[in-house]
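K.L.:
What follows is work.pdb, made up of PDB, C-alpha atoms:
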```pdb
ATOM      1  CA  MET I   4      86.256  58.978-110.637
ATOM      2  CA  THR I   5      86.237  62.626-111.511
ATOM      3  CA  GLN I   6      84.364  65.089-109.339
ATOM      4  CA  ALA I   7      82.586  66.637-112.334
ATOM      5  CA  PRO I   8      78.825  66.147-112.785
ATOM      6  CA  SER I   9      79.475  64.880-116.328
ATOM      7  CA  VAL I  10      82.467  63.480-118.143
ATOM      8  CA  ASP I  11      84.337  65.624-120.663
ATOM      9  CA  VAL I  12      84.902  63.221-123.535
ATOM     10  CA  HIS I  13      88.039  64.192-125.420
ATOM     11  CA  ARG I  14      90.585  62.558-127.683
ATOM     12  CA  PRO I  15      93.665  61.100-125.991
ATOM     13  CA  LYS I  16      96.051  63.923-125.119
ATOM     14  CA  VAL I  17      99.227  63.808-127.207
ATOM     15  CA  GLU I  18     102.410  65.584-126.202
ATOM     16  CA  TYR I  19     105.839  65.836-127.875
ATOM     17  CA  PHE I  20     109.322  66.091-126.381
ATOM     18  CA  ASP I  21     112.140  67.347-128.623
ATOM     19  CA  ILE I  22     115.454  66.690-126.914
ATOM     20  CA  ALA I  23     117.582  68.395-129.596
ATOM     21  CA  GLU I  24     115.486  71.585-129.583
ATOM     22  CA  LEU I  25     114.888  71.529-125.792
ATOM     23  CA  THR I  26     111.136  71.918-126.299
ATOM     24  CA  ASN I  27     107.935  70.278-125.093
ATOM     25  CA  THR I  28     104.763  70.633-127.164
ATOM     26  CA  ASP I  29     101.693  70.288-124.978
ATOM     27  CA  PRO I  30      98.377  68.705-126.044
ATOM     28  CA  LYS I  31      97.022  72.094-127.170
ATOM     29  CA  GLY I  32     100.027  72.692-129.429
ATOM     30  CA  PHE I  33     101.825  75.211-127.221
ATOM     31  CA  VAL I  34     105.593  74.851-127.477
ATOM     32  CA  ARG I  35     107.379  75.270-124.151
ATOM     33  CA  ASP I  36     111.098  75.665-123.493
ATOM     34  CA  VAL I  37     112.617  72.816-121.493
ATOM     35  CA  GLU I  38     115.393  73.490-118.997
ATOM     36  CA  ARG I  39     116.615  69.933-118.831
ATOM     37  CA  TYR I  40     116.236  66.569-120.524
ATOM     38  CA  HIS I  41     118.015  63.503-119.197
ATOM     39  CA  LEU I  42     117.922  60.175-121.012
ATOM     40  CA  GLU I  43     118.318  56.795-119.331
ATOM     41  CA  PRO I  44     117.851  53.314-120.805
ATOM     42  CA  TRP I  45     114.472  53.099-119.044
ATOM     43  CA  GLY I  46     113.118  56.549-119.832
ATOM     44  CA  LEU I  47     113.279  60.267-120.435
ATOM     45  CA  TYR I  48     113.335  62.970-117.752
ATOM     46  CA  MET I  49     112.096  66.495-118.439
ATOM     47  CA  ALA I  50     112.129  69.608-116.251
ATOM     48  CA  ARG I  51     110.670  72.960-117.236
ATOM     49  CA  THR I  52     108.939  76.059-115.943
ATOM     50  CA  ALA I  53     105.178  76.309-116.249
ATOM     51  CA  ASP I  54     102.814  79.235-116.697
ATOM     52  CA  HIS I  55      99.914  77.372-115.104
ATOM     53  CA  PRO I  56      97.863  79.208-112.459
ATOM     54  CA  GLN I  57      98.302  76.341-109.959
ATOM     55  CA  PHE I  58     101.946  75.330-110.456
ATOM     56  CA  HIS I  59     105.168  77.030-111.574
ATOM     57  CA  TYR I  60     107.413  74.075-112.412
ATOM     58  CA  ILE I  61     106.986  70.520-113.681
ATOM     59  CA  GLU I  62     109.260  67.481-113.667
ATOM     60  CA  SER I  63     108.332  64.289-115.513
ATOM     61  CA  TRP I  64     109.755  60.882-116.271
ATOM     62  CA  LEU I  65     108.417  59.069-119.337
ATOM     63  CA  LEU I  66     108.721  55.339-118.609
ATOM     64  CA  PRO I  67     107.845  53.349-121.759
ATOM     65  CA  GLU I  68     108.311  49.880-120.254
ATOM     66  CA  LEU I  69     105.811  50.706-117.491
ATOM     67  CA  ASN I  70     103.415  52.678-119.751
ATOM     68  CA  LEU I  71     103.671  55.518-117.230
ATOM     69  CA  ARG I  72     104.501  59.194-117.065
ATOM     70  CA  ALA I  73     105.464  60.180-113.533
ATOM     71  CA  THR I  74     105.181  63.867-112.704
ATOM     72  CA  VAL I  75     106.050  66.093-109.784
ATOM     73  CA  PHE I  76     104.186  69.388-109.894
ATOM     74  CA  HIS I  77     105.696  72.308-107.992
ATOM     75  CA  PHE I  78     102.515  74.032-106.853
ATOM     76  CA  HIS I  79     102.124  77.648-105.849
ATOM     77  CA  PRO I  80     101.523  77.811-102.068
ATOM     78  CA  ALA I  81      97.806  78.620-102.437
ATOM     79  CA  HIS I  82      97.273  75.558-104.653
ATOM     80  CA  ARG I  83      99.271  72.854-102.880
ATOM     81  CA  ARG I  84      97.815  69.367-103.193
ATOM     82  CA  ASP I  85      98.147  66.302-101.061
ATOM     83  CA  GLN I  86     100.165  64.313-103.571
ATOM     84  CA  ASP I  87     103.761  63.371-104.154
ATOM     85  CA  TYR I  88     103.584  61.859-107.650
ATOM     86  CA  TYR I  89     100.991  62.068-110.392
ATOM     87  CA  LEU I  90     101.114  59.128-112.800
ATOM     88  CA  ASP I  91      99.548  59.199-116.248
ATOM     89  CA  ILE I  92      98.796  55.877-117.919
ATOM     90  CA  GLY I  93      99.430  55.658-121.662
ATOM     91  CA  GLU I  94     101.956  55.107-124.413
ATOM     92  CA  PHE I  95     105.327  56.789-124.086
ATOM     93  CA  GLY I  96     108.412  56.443-126.220
ATOM     94  CA  GLU I  97     110.798  57.580-128.878
ATOM     95  CA  VAL I  98     109.219  58.396-132.266
ATOM     96  CA  GLY I  99     112.316  59.681-134.032
ATOM     97  CA  PRO I 100     115.879  60.744-133.402
ATOM     98  CA  LYS I 101     115.810  62.681-130.124
ATOM     99  CA  LYS I 102     112.012  62.983-130.309
ATOM    100  CA  TRP I 103     109.553  61.385-127.907
ATOM    101  CA  ARG I 104     105.767  61.297-127.765
ATOM    102  CA  SER I 105     103.227  60.630-125.037
ATOM    103  CA  VAL I 106      99.649  59.496-125.636
ATOM    104  CA  ASP I 107      97.524  59.672-122.507
ATOM    105  CA  HIS I 108      95.064  56.835-121.939
ATOM    106  CA  TYR I 109      92.905  58.676-119.421
ATOM    107  CA  LEU I 110      93.640  56.751-116.205
ATOM    108  CA  ASP I 111      95.765  58.496-113.595
ATOM    109  CA  LEU I 112      97.237  57.562-110.238
ATOM    110  CA  VAL I 113      97.983  59.881-107.348
ATOM    111  CA  VAL I 114     100.677  58.591-105.015
ATOM    112  CA  ARG I 115     100.786  59.815-101.436
ATOM    113  CA  THR I 116     104.047  58.305-100.254
ATOM    114  CA  GLY I 117     103.671  55.927 -97.339
ATOM    115  CA  ARG I 118      99.874  56.232 -97.321
ATOM    116  CA  GLU I 119      98.025  55.371-100.521
ATOM    117  CA  THR I 120      97.834  55.214-104.286
ATOM    118  CA  GLU I 121      94.550  56.484-105.698
ATOM    119  CA  LEU I 122      93.108  55.595-109.113
ATOM    120  CA  LEU I 123      91.445  58.482-110.976
ATOM    121  CA  ASP I 124      89.407  59.018-114.145
ATOM    122  CA  VAL I 125      87.943  55.559-114.717
ATOM    123  CA  ASP I 126      84.832  57.336-115.992
ATOM    124  CA  GLU I 127      86.911  59.186-118.614
ATOM    125  CA  LEU I 128      88.444  55.922-119.836
ATOM    126  CA  LEU I 129      85.028  54.256-120.124
ATOM    127  CA  ALA I 130      83.483  57.259-121.864
ATOM    128  CA  ALA I 131      86.364  57.462-124.357
ATOM    129  CA  HIS I 132      86.044  53.760-125.111
ATOM    130  CA  THR I 133      82.257  54.023-125.480
ATOM    131  CA  VAL I 134      82.522  56.720-128.155
ATOM    132  CA  GLY I 135      85.383  54.968-129.967
ATOM    133  CA  LEU I 136      88.300  57.196-128.964
ATOM    134  CA  LEU I 137      90.142  54.265-127.385
ATOM    135  CA  ASP I 138      89.805  50.711-128.633
ATOM    136  CA  ALA I 139      89.186  47.743-126.331
ATOM    137  CA  ARG I 140      92.792  46.581-126.482
ATOM    138  CA  ALA I 141      94.180  49.986-125.416
ATOM    139  CA  ALA I 142      91.527  50.351-122.688
ATOM    140  CA  GLU I 143      92.346  46.893-121.335
ATOM    141  CA  ARG I 144      96.084  47.701-121.418
ATOM    142  CA  ALA I 145      95.405  50.915-119.461
ATOM    143  CA  VAL I 146      93.541  48.987-116.757
ATOM    144  CA  ALA I 147      96.278  46.320-116.607
ATOM    145  CA  THR I 148      98.945  49.037-116.370
ATOM    146  CA  ALA I 149      97.115  50.810-113.545
ATOM    147  CA  THR I 150      96.606  47.531-111.686
ATOM    148  CA  ARG I 151     100.272  46.542-112.035
ATOM    149  CA  ALA I 152     101.419  49.980-110.864
ATOM    150  CA  ILE I 153      99.047  50.091-107.886
ATOM    151  CA  ASP I 154     100.132  46.592-106.831
ATOM    152  CA  GLY I 155     103.830  47.394-107.227
ATOM    153  CA  ILE I 156     103.660  50.718-105.416
ATOM    154  CA  ALA I 157     101.535  49.249-102.596
ATOM    155  CA  ALA I 158     103.960  46.321-102.216
ATOM    156  CA  HIS I 159     106.678  48.913-101.556
ATOM    157  CA  GLY I 160     104.758  50.756 -98.845
ATOM    158  CA  HIS I 161     103.138  53.167-101.293
ATOM    159  CA  ASP I 162     106.609  54.402-102.187
ATOM    160  CA  PHE I 163     106.771  55.028-105.937
ATOM    161  CA  LEU I 164     110.538  55.545-105.963
ATOM    162  CA  ALA I 165     111.154  52.309-104.047
ATOM    163  CA  TRP I 166     109.033  50.444-106.602
ATOM    164  CA  THR I 167     110.842  51.890-109.624
ATOM    165  CA  ALA I 168     114.229  51.296-107.960
ATOM    166  CA  SER I 169     113.251  47.638-107.472
ATOM    167  CA  LEU I 170     112.756  47.499-111.254
ATOM    168  CA  ASP I 171     116.272  48.898-111.854
ATOM    169  CA  MET I 172     114.822  52.291-112.740
ATOM    170  CA  PRO I 173     116.268  54.648-110.122
ATOM    171  CA  LEU I 174     114.541  57.973-110.730
ATOM    172  CA  THR I 175     116.082  61.288-109.727
ATOM    173  CA  TRP I 176     114.389  64.652-109.394
ATOM    174  CA  LEU I 177     115.574  68.224-108.862
TER     175      LEU I 177
END
```
Will you turn the file into C-alpha cells for me?
P.N.:
Amino acid sequence: MTQAPSVDVHRPKVEYFDIAELTNTDPKGFVRDVERYHLEPWGLYMARTADHPQFHYIESWLLPELNLRATVFHFHPAHRRDQDYYLDIGEFGEVGPKKWRSVDHYLDLVVRTGRETELLDVDELLAAHTVGLLDARAAERAVATATRAIDGIAAHGHDFLAWTASLDMPLTWL
C-alpha cells in the first residue's frame, strides 16, 4: 500500500527505449540520453544518468518473459533507501526495430536481498481498475506476475539475481 492519504489515480505510465538513438523517453515525454544499452535474448539493459533530486543514476533491465522491469537506483547519500532492487510489474518488449516500450501496471516490488520482498501499490492497481484504466485481464496478470516473482525470489533466499539466474537470465549491472 502507498503511504499517501488518498490514491493518485493515473493512466499506466508508458516509457520508450530507442536503442539506435541511445535515448529513453520517460512517462512525461522527457527524452533522456542513455549511456548504455545491452540486449540479451531475455531482455534489454539500460544505464543512464538522472537529474532526479533523490538519485543520480539508474540501471534497468526490461524482462518481457517475466513482465518485470528491474531497476537499481543510485541514490544521493541523503536519500539512500533500504532496497537493492525495485521491480515494476507491467508489459515490456520490442515495438519496432531497436525500439522498446514499457507499460507500468501499478504493482511494484522492493527486494531487500537476503531479507524480504515487499509488494507495493496494490491500492493504485485497484483504483486504476475501478476507474477503467486497467481491464480485469491486465489487473489479474499483474497480480499473478507479482505472486510468481515474490515466490521465486523468496525461494532463492530473497535474492533476485539468484532467481533470474535460475531462469537462465543472468543479469549484470555496472
K.L.:
Any idea what the distance is between CA of His108 in chain I and CA of Val34 in chain I?
P.N.:
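It comes out at 21.6 Å.
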K.L.:
Let me make sure I understand: among I:Tyr19, I:Phe58, I:Tyr48, I:Phe163, which one has the smallest atom-to-atom distance to Phe78 in chain I if we use only C-alpha atoms?
P.N.:
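Smallest distance to Phe78 in chain I is found for I:Phe58.
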K.L.:
Please provide the set of residues having any atom within 12 Å of Ala168 in chain I, restricted to only C-alpha atoms, with same-chain residues fewer than 6 positions apart removed, written as number ranges by chain.
P.N.:
I: 45, 155-156, 159, 162, 174-175
K.L.:
What does the file look like for those residues with C-alpha atoms, as a short mmCIF file (atom, residue, chain, number, x, y, z; two decimals), keeping the file's coordinate frame?
P.N.:
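Written output follows (part_26.cif):
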```cif
data_model
loop_
_atom_site.label_atom_id
_atom_site.label_comp_id
_atom_site.auth_asym_id
_atom_site.auth_seq_id
_atom_site.Cartn_x
_atom_site.Cartn_y
_atom_site.Cartn_z
CA TRP I 45 114.47 53.10 -119.04
CA GLY I 155 103.83 47.39 -107.23
CA ILE I 156 103.66 50.72 -105.42
CA HIS I 159 106.68 48.91 -101.56
CA ASP I 162 106.61 54.40 -102.19
CA LEU I 174 114.54 57.97 -110.73
CA THR I 175 116.08 61.29 -109.73
#
```
K.L.:
Suppose a student applies the PyMOL selection byres ((chain I and resi 68) around 10) to this structure; what residues should they get, written as a PyMOL selection string?
P.N.:
chain I and resi 45-46+65-67+69-71+94-96
K.L.:
For this structure, which residues satisfy the selection - the PyMOL selection byres ((chain I and resi 161) around 10) - when it is evaluated on the file as given? I want them as a list in words.
P.N.:
Val114, Arg115, Thr116, Gly117, Arg118, Glu119, Thr120, Ile153, Asp154, Gly155, Ile156, Ala157, Ala158, His159, Gly160, Asp162, Phe163, Leu164, Ala165 and Trp166 of chain I
K.L.:
Which residue, I:Gly93, I:Arg72, I:Leu47, I:Val113, has the smallest gap to Glu143 in chain I when you use only C-alpha atoms?
P.N.:
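Residue with the minimum atom-to-atom distance to Glu143 in chain I: I:Gly93.
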K.L.:
Any idea what the distance is between CA of Asp138 in chain I and CA of Ser63 in chain I?
P.N.:
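Those two atoms sit 26.5 Å apart.
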K.L.:
With the file shown as input, list the residues that the PyMOL selection byres ((chain I and resi 149) around 9) selects, as a ChimeraX atom specification.
P.N.:
/I:71,92,110-112,122,144-148,150-154
K.L.:
Would you write out those residues with C-alpha atoms, as a PDB file, in the coordinates of the input?
P.N.:
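Output file out_4.pdb is given in full below:
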```
ATOM      1  CA  LEU I  71     103.671  55.518-117.230  1.00  0.00           C
ATOM      2  CA  ILE I  92      98.796  55.877-117.919  1.00  0.00           C
ATOM      3  CA  LEU I 110      93.640  56.751-116.205  1.00  0.00           C
ATOM      4  CA  ASP I 111      95.765  58.496-113.595  1.00  0.00           C
ATOM      5  CA  LEU I 112      97.237  57.562-110.238  1.00  0.00           C
ATOM      6  CA  LEU I 122      93.108  55.595-109.113  1.00  0.00           C
ATOM      7  CA  ARG I 144      96.084  47.701-121.418  1.00  0.00           C
ATOM      8  CA  ALA I 145      95.405  50.915-119.461  1.00  0.00           C
ATOM      9  CA  VAL I 146      93.541  48.987-116.757  1.00  0.00           C
ATOM     10  CA  ALA I 147      96.278  46.320-116.607  1.00  0.00           C
ATOM     11  CA  THR I 148      98.945  49.037-116.370  1.00  0.00           C
ATOM     12  CA  THR I 150      96.606  47.531-111.686  1.00  0.00           C
ATOM     13  CA  ARG I 151     100.272  46.542-112.035  1.00  0.00           C
ATOM     14  CA  ALA I 152     101.419  49.980-110.864  1.00  0.00           C
ATOM     15  CA  ILE I 153      99.047  50.091-107.886  1.00  0.00           C
ATOM     16  CA  ASP I 154     100.132  46.592-106.831  1.00  0.00           C
TER      17      ASP I 154
END
```
K.L.:
Could you tell me which of I:His132, I:Gln57, I:Thr28, I:Thr52 comes closest to Arg84 in chain I if we count all atoms listed in the file?
P.N.:
I:Gln57
K.L.:
Looking at only C-alpha atoms, which of I:Asp85, I:Glu43, I:Asp11, I:Glu121 is the one that sits closest to Val134 in chain I?
P.N.:
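Of all the options, I:Asp11 lies closest to Val134 in chain I.
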K.L.:
Measure the distance from CA of Val98 in chain I to CA of Asp126 in chain I in Å and round it to one decimal.
P.N.:
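Distance between the two atoms: 29.3 Å.
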K.L.:
Choose the residue, out of I:Asp21, I:Ala50, I:His55, I:Pro30, that has the smallest atom-to-atom separation from Val75 in chain I; count only C-alpha atoms.
P.N.:
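The closest residue to Val75 in chain I is I:Ala50.
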K.L.:
Residues within 12 Å of His13 in chain I, please, as an MDAnalysis selection string. Count all atoms listed in the file; anything in the same chain fewer than 2 positions from it doesn't count.
P.N.:
chainID I and resid 10:11 15:17 30 107:109 127:137
K.L.:
Using all atoms listed in the file, which of I:Met49, I:Ala141, I:Ile22, I:Val12 sits nearest Lys102 in chain I?
P.N.:
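Answer, going by the shortest atom-to-atom distance: I:Ile22.
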K.L.:
Which neighbours of Lys101 in chain I fall inside 10 Å, counting all atoms listed in the file, when residues of the same chain fewer than 5 positions from it are skipped, and could you give them as a ChimeraX atom specification?
P.N.:
/I:20-25,42
K.L.:
May I have the selected residues written with C-alpha atoms, as a short mmCIF file (atom, residue, chain, number, x, y, z; two decimals), in the frame of the given file?
P.N.:
```cif
data_model
loop_
_atom_site.label_atom_id
_atom_site.label_comp_id
_atom_site.auth_asym_id
_atom_site.auth_seq_id
_atom_site.Cartn_x
_atom_site.Cartn_y
_atom_site.Cartn_z
CA PHE I 20 109.32 66.09 -126.38
CA ASP I 21 112.14 67.35 -128.62
CA ILE I 22 115.45 66.69 -126.91
CA ALA I 23 117.58 68.40 -129.60
CA GLU I 24 115.49 71.58 -129.58
CA LEU I 25 114.89 71.53 -125.79
CA LEU I 42 117.92 60.18 -121.01
#
```
K.L.:
What box, with edges along x, y and z, holds each listed atom of range 108-127 of chain I when 8 Å is added on every side, and can you state its centre and edge lengths in Å to one decimal, as JSON?
P.N.:
```
{"center_x": 94.4, "center_y": 57.5, "center_z": -109.6, "size_x": 35.2, "size_y": 20.7, "size_z": 40.6}
```
K.L.:
Using the partial input, fill out range 109-124 of chain I with N, CA, C and O atoms; write the result as an mmCIF file, in the frame of the given file.
P.N.:
```cif
data_model
loop_
_atom_site.group_PDB
_atom_site.id
_atom_site.type_symbol
_atom_site.label_atom_id
_atom_site.label_comp_id
_atom_site.auth_asym_id
_atom_site.auth_seq_id
_atom_site.Cartn_x
_atom_site.Cartn_y
_atom_site.Cartn_z
ATOM 1 N N TYR I 109 93.945 58.235 -120.339
ATOM 2 C CA TYR I 109 92.905 58.676 -119.421
ATOM 3 C C TYR I 109 93.120 58.338 -117.952
ATOM 4 O O TYR I 109 92.905 59.188 -117.100
ATOM 5 N N LEU I 110 93.488 57.115 -117.610
ATOM 6 C CA LEU I 110 93.640 56.751 -116.205
ATOM 7 C C LEU I 110 94.843 57.449 -115.595
ATOM 8 O O LEU I 110 95.885 57.606 -116.242
ATOM 9 N N ASP I 111 94.697 57.849 -114.339
ATOM 10 C CA ASP I 111 95.765 58.496 -113.595
ATOM 11 C C ASP I 111 95.842 57.891 -112.203
ATOM 12 O O ASP I 111 94.839 57.388 -111.679
ATOM 13 N N LEU I 112 97.026 57.987 -111.616
ATOM 14 C CA LEU I 112 97.237 57.562 -110.238
ATOM 15 C C LEU I 112 97.841 58.725 -109.475
ATOM 16 O O LEU I 112 98.716 59.419 -109.990
ATOM 17 N N VAL I 113 97.376 58.913 -108.248
ATOM 18 C CA VAL I 113 97.983 59.881 -107.348
ATOM 19 C C VAL I 113 98.632 59.083 -106.223
ATOM 20 O O VAL I 113 97.962 58.289 -105.561
ATOM 21 N N VAL I 114 99.940 59.301 -106.060
ATOM 22 C CA VAL I 114 100.677 58.591 -105.015
ATOM 23 C C VAL I 114 100.928 59.544 -103.859
ATOM 24 O O VAL I 114 101.480 60.638 -104.053
ATOM 25 N N ARG I 115 100.506 59.108 -102.690
ATOM 26 C CA ARG I 115 100.786 59.815 -101.436
ATOM 27 C C ARG I 115 101.727 58.890 -100.668
ATOM 28 O O ARG I 115 101.273 57.913 -100.052
ATOM 29 N N THR I 116 103.006 59.198 -100.747
ATOM 30 C CA THR I 116 104.047 58.305 -100.254
ATOM 31 C C THR I 116 103.781 57.853 -98.820
ATOM 32 O O THR I 116 103.518 58.665 -97.943
ATOM 33 N N GLY I 117 103.854 56.527 -98.652
ATOM 34 C CA GLY I 117 103.671 55.927 -97.339
ATOM 35 C C GLY I 117 102.224 55.762 -96.908
ATOM 36 O O GLY I 117 101.952 55.164 -95.873
ATOM 37 N N ARG I 118 101.282 56.277 -97.724
ATOM 38 C CA ARG I 118 99.874 56.232 -97.321
ATOM 39 C C ARG I 118 98.970 55.520 -98.301
ATOM 40 O O ARG I 118 98.224 54.623 -97.915
ATOM 41 N N GLU I 119 98.975 55.950 -99.580
ATOM 42 C CA GLU I 119 98.025 55.371 -100.521
ATOM 43 C C GLU I 119 98.377 55.710 -101.958
ATOM 44 O O GLU I 119 99.139 56.633 -102.232
ATOM 45 N N THR I 120 97.773 54.950 -102.850
ATOM 46 C CA THR I 120 97.834 55.214 -104.286
ATOM 47 C C THR I 120 96.398 55.198 -104.784
ATOM 48 O O THR I 120 95.711 54.183 -104.653
ATOM 49 N N GLU I 121 95.954 56.316 -105.313
ATOM 50 C CA GLU I 121 94.550 56.484 -105.698
ATOM 51 C C GLU I 121 94.396 56.458 -107.218
ATOM 52 O O GLU I 121 95.124 57.146 -107.940
ATOM 53 N N LEU I 122 93.439 55.682 -107.695
ATOM 54 C CA LEU I 122 93.108 55.595 -109.113
ATOM 55 C C LEU I 122 92.079 56.667 -109.460
ATOM 56 O O LEU I 122 91.058 56.791 -108.774
ATOM 57 N N LEU I 123 92.344 57.416 -110.534
ATOM 58 C CA LEU I 123 91.445 58.482 -110.976
ATOM 59 C C LEU I 123 91.010 58.267 -112.426
ATOM 60 O O LEU I 123 91.695 57.615 -113.204
ATOM 61 N N ASP I 124 89.882 58.848 -112.768
ATOM 62 C CA ASP I 124 89.407 59.018 -114.145
ATOM 63 C C ASP I 124 88.986 57.740 -114.863
ATOM 64 O O ASP I 124 89.046 57.659 -116.095
#
```
